[in-house]
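One structure below.
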Amino acid sequence: MEDDDFIYPPDLLGSIDFEKEHVATYDPQLSLPNPGPNLVVRPLRRSDYNKGYMDLLLSALYVRDQGITQKEFEDRFDRMKASGGSYIITVIEDTSTKKIVGNAVLHVELKFLQPSVKRGRLEDIAVLERYRGQQLGKLLMDVTTILCKKVGCFRVSLHCKDKFVPLYQKFGFYIDEPENIMWLDKNYLQS
């Protein structure tokens, strides 16, 4: 398959020295090149819609929605890919079932503060329910936080439920207590 099929160049994952850079402890041992039997960690592909990608997002992220059509997926994929590295979406595929079972999104924003300053935001970290308990969420977090450094992010944030705070703290995230997060009312956006 051609590299054009990937949302970001696979060489970026290949440049990770996982043994040197990972933070989590794995028991049994997992790594980027060896995530488990029949599993592979790779960038999202344009063809992943047909591998259950939307099913993963809708079920694992508890979204009450119908998702998008294959055409909408491909259009968004193309726009995201054309953004020049703003979307670094990493998935785990079970090669025996040809299904996407894990996902993590690093959204990279360019800033005007300094030359080449970037801010990262982690989103949509998800593992299909039957694959939970296999350390795949930790693996995706390790890989994604390493990618944050690789692409030059000076600051990285994520939003999570209280129950996940201890997990993310293991990767160096902290709660910024005085920061107020505000959301624009959904009714306003839908009117």
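Chain labels run A, B, ... following the order of the structure tokens; each chain numbers its residues from 1, and ligands are numbered from 1 in the order shown.
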
Q: Would you return as a PyMOL selection string the members of region 25-184 of chain A that DSSP assigns to alpha helix (DSSP H) on this structure's backbone?
A: chain A and resi 53-60+70-82+136-150+165-169

Can you write out the residues you just picked, keeping C-alpha atoms, as a PDB file, in the first residue's frame?
ATOM      1  CA  TYR A  53     -13.298   2.572  12.764  1.00  0.00           C
ATOM      2  CA  MET A  54     -16.598   4.377  13.323  1.00  0.00           C
ATOM      3  CA  ASP A  55     -17.925   1.444  15.352  1.00  0.00           C
ATOM      4  CA  LEU A  56     -14.924   1.789  17.672  1.00  0.00           C
ATOM      5  CA  LEU A  57     -15.423   5.519  18.134  1.00  0.00           C
ATOM      6  CA  LEU A  58     -19.182   5.260  18.630  1.00  0.00           C
ATOM      7  CA  SER A  59     -18.995   2.405  21.139  1.00  0.00           C
ATOM      8  CA  ALA A  60     -15.824   3.184  23.042  1.00  0.00           C
ATOM      9  CA  GLN A  70     -18.051   6.320   4.263  1.00  0.00           C
ATOM     10  CA  LYS A  71     -18.028   9.247   1.838  1.00  0.00           C
ATOM     11  CA  GLU A  72     -18.111  11.749   4.711  1.00  0.00           C
ATOM     12  CA  PHE A  73     -15.306   9.813   6.414  1.00  0.00           C
ATOM     13  CA  GLU A  74     -13.161   9.859   3.271  1.00  0.00           C
ATOM     14  CA  ASP A  75     -13.839  13.580   2.704  1.00  0.00           C
ATOM     15  CA  ARG A  76     -12.839  14.387   6.302  1.00  0.00           C
ATOM     16  CA  PHE A  77      -9.812  12.105   6.078  1.00  0.00           C
ATOM     17  CA  ASP A  78      -8.661  13.942   2.942  1.00  0.00           C
ATOM     18  CA  ARG A  79      -9.152  17.356   4.567  1.00  0.00           C
ATOM     19  CA  MET A  80      -7.366  16.260   7.744  1.00  0.00           C
ATOM     20  CA  LYS A  81      -4.475  14.810   5.763  1.00  0.00           C
ATOM     21  CA  ALA A  82      -4.237  18.003   3.687  1.00  0.00           C
ATOM     22  CA  LEU A 136      -3.568  -1.121  24.783  1.00  0.00           C
ATOM     23  CA  GLY A 137      -4.784   2.213  26.188  1.00  0.00           C
ATOM     24  CA  LYS A 138      -1.431   2.624  27.974  1.00  0.00           C
ATOM     25  CA  LEU A 139       0.382   1.728  24.782  1.00  0.00           C
ATOM     26  CA  LEU A 140      -1.582   4.315  22.795  1.00  0.00           C
ATOM     27  CA  MET A 141      -0.855   6.938  25.471  1.00  0.00           C
ATOM     28  CA  ASP A 142       2.870   6.120  25.431  1.00  0.00           C
ATOM     29  CA  VAL A 143       3.043   6.262  21.647  1.00  0.00           C
ATOM     30  CA  THR A 144       1.004   9.460  21.417  1.00  0.00           C
ATOM     31  CA  THR A 145       2.942  11.339  24.103  1.00  0.00           C
ATOM     32  CA  ILE A 146       6.206  10.359  22.400  1.00  0.00           C
ATOM     33  CA  LEU A 147       4.760  11.623  19.103  1.00  0.00           C
ATOM     34  CA  CYS A 148       3.989  14.955  20.844  1.00  0.00           C
ATOM     35  CA  LYS A 149       7.717  15.425  21.381  1.00  0.00           C
ATOM     36  CA  LYS A 150       8.613  14.167  17.902  1.00  0.00           C
ATOM     37  CA  VAL A 165      -6.974  11.304  36.017  1.00  0.00           C
ATOM     38  CA  PRO A 166      -4.619   8.813  37.763  1.00  0.00           C
ATOM     39  CA  LEU A 167      -3.895   7.059  34.453  1.00  0.00           C
ATOM     40  CA  TYR A 168      -2.980  10.272  32.656  1.00  0.00           C
ATOM     41  CA  GLN A 169      -0.909  11.513  35.584  1.00  0.00           C
TER      42      GLN A 169
END

Q. Using only C-alpha atoms, which residues sit within 6 Å of region 31-42 of chain A once same-chain residues fewer than 6 positions away are excluded, as a PyMOL selection string?
A. chain A and resi 90-96

Q.
With only C-alpha atoms as the counted atoms, please give the residues lying no more than 6 Å from region 98-109 of chain A, apart from itself and same-chain residues fewer than 6 positions off, as a list of chain:residue names.
A. A:Lys51, A:Gly52, A:Tyr53, A:Ser86, A:Tyr87, A:Ile88, A:Ile89, A:Thr90, A:Val91, A:Ile92, A:Lys118, A:Arg119, A:Gly120, A:Arg121, A:Leu122, A:Glu123, A:Asp124, A:Ile125, A:Ala126, A:Val127, A:Leu128

For the residues in the current selection, export N, CA and C atoms as a compact mmCIF listing (two decimals), in the first residue's frame.
# COMPACT_ATOMS: atom_id res chain seq x y z
N LYS A 51 -13.02 -1.04 8.28
CA LYS A 51 -12.47 -1.92 9.31
C LYS A 51 -13.06 -1.60 10.68
N GLY A 52 -14.24 -0.99 10.67
CA GLY A 52 -14.95 -0.75 11.92
C GLY A 52 -14.49 0.46 12.71
N TYR A 53 -13.81 1.40 12.04
CA TYR A 53 -13.30 2.57 12.76
C TYR A 53 -14.42 3.37 13.44
N SER A 86 -1.60 18.35 11.08
CA SER A 86 -2.40 18.79 12.23
C SER A 86 -3.13 17.64 12.90
N TYR A 87 -3.31 16.53 12.18
CA TYR A 87 -4.03 15.38 12.73
C TYR A 87 -3.13 14.16 12.69
N ILE A 88 -2.71 13.73 13.85
CA ILE A 88 -1.89 12.53 13.97
C ILE A 88 -2.75 11.50 14.68
N ILE A 89 -3.38 10.66 13.88
CA ILE A 89 -4.32 9.68 14.40
C ILE A 89 -3.67 8.30 14.30
N THR A 90 -3.50 7.69 15.46
CA THR A 90 -2.84 6.39 15.55
C THR A 90 -3.87 5.35 15.97
N VAL A 91 -3.84 4.22 15.30
CA VAL A 91 -4.80 3.16 15.58
C VAL A 91 -4.07 1.86 15.87
N ILE A 92 -4.82 0.94 16.47
CA ILE A 92 -4.36 -0.44 16.64
C ILE A 92 -5.32 -1.30 15.83
N LYS A 118 4.21 24.69 18.55
CA LYS A 118 2.99 23.92 18.32
C LYS A 118 2.39 23.53 19.67
N ARG A 119 1.07 23.48 19.71
CA ARG A 119 0.35 23.01 20.89
C ARG A 119 -0.38 21.74 20.50
N GLY A 120 -0.33 20.74 21.36
CA GLY A 120 -1.00 19.48 21.09
C GLY A 120 -2.21 19.28 21.99
N ARG A 121 -3.18 18.56 21.47
CA ARG A 121 -4.36 18.20 22.25
C ARG A 121 -4.66 16.73 21.96
N LEU A 122 -4.69 15.92 23.02
CA LEU A 122 -5.01 14.50 22.87
C LEU A 122 -6.51 14.31 22.99
N GLU A 123 -7.05 13.53 22.08
CA GLU A 123 -8.50 13.30 22.03
C GLU A 123 -8.80 11.87 21.60
N ASP A 124 -10.00 11.45 21.86
CA ASP A 124 -10.54 10.19 21.34
C ASP A 124 -9.64 8.99 21.59
N ILE A 125 -9.13 8.90 22.81
CA ILE A 125 -8.33 7.74 23.19
C ILE A 125 -9.32 6.65 23.55
N ALA A 126 -9.33 5.59 22.77
CA ALA A 126 -10.37 4.58 22.91
C ALA A 126 -9.84 3.20 22.56
N VAL A 127 -10.36 2.20 23.29
CA VAL A 127 -10.07 0.80 22.99
C VAL A 127 -11.41 0.07 23.01
N LEU A 128 -11.64 -0.75 22.01
CA LEU A 128 -12.85 -1.55 21.93
C LEU A 128 -12.99 -2.39 23.20

Q) Which residues in region 4-185 of chain A does DSSP call strand (DSSP E)? List them as a PyMOL selection string. A) chain A and resi 39-43+87-94+99-110+118-127+153-158

Q.
Can you measure CA of Phe18 (chain A) to CA of Asp48 (chain A) for me? One decimal in Å is fine.
A.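 Atom-to-atom, CA of Phe18 (chain A) to CA of Asp48 (chain A), that is 24.8 Å.
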
Q: Take CA of Gly133 (chain A) and CA of Leu44 (chain A) and report the distance between them in Å, one decimal.
A: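 Interatomic distance here is 22.5 Å.
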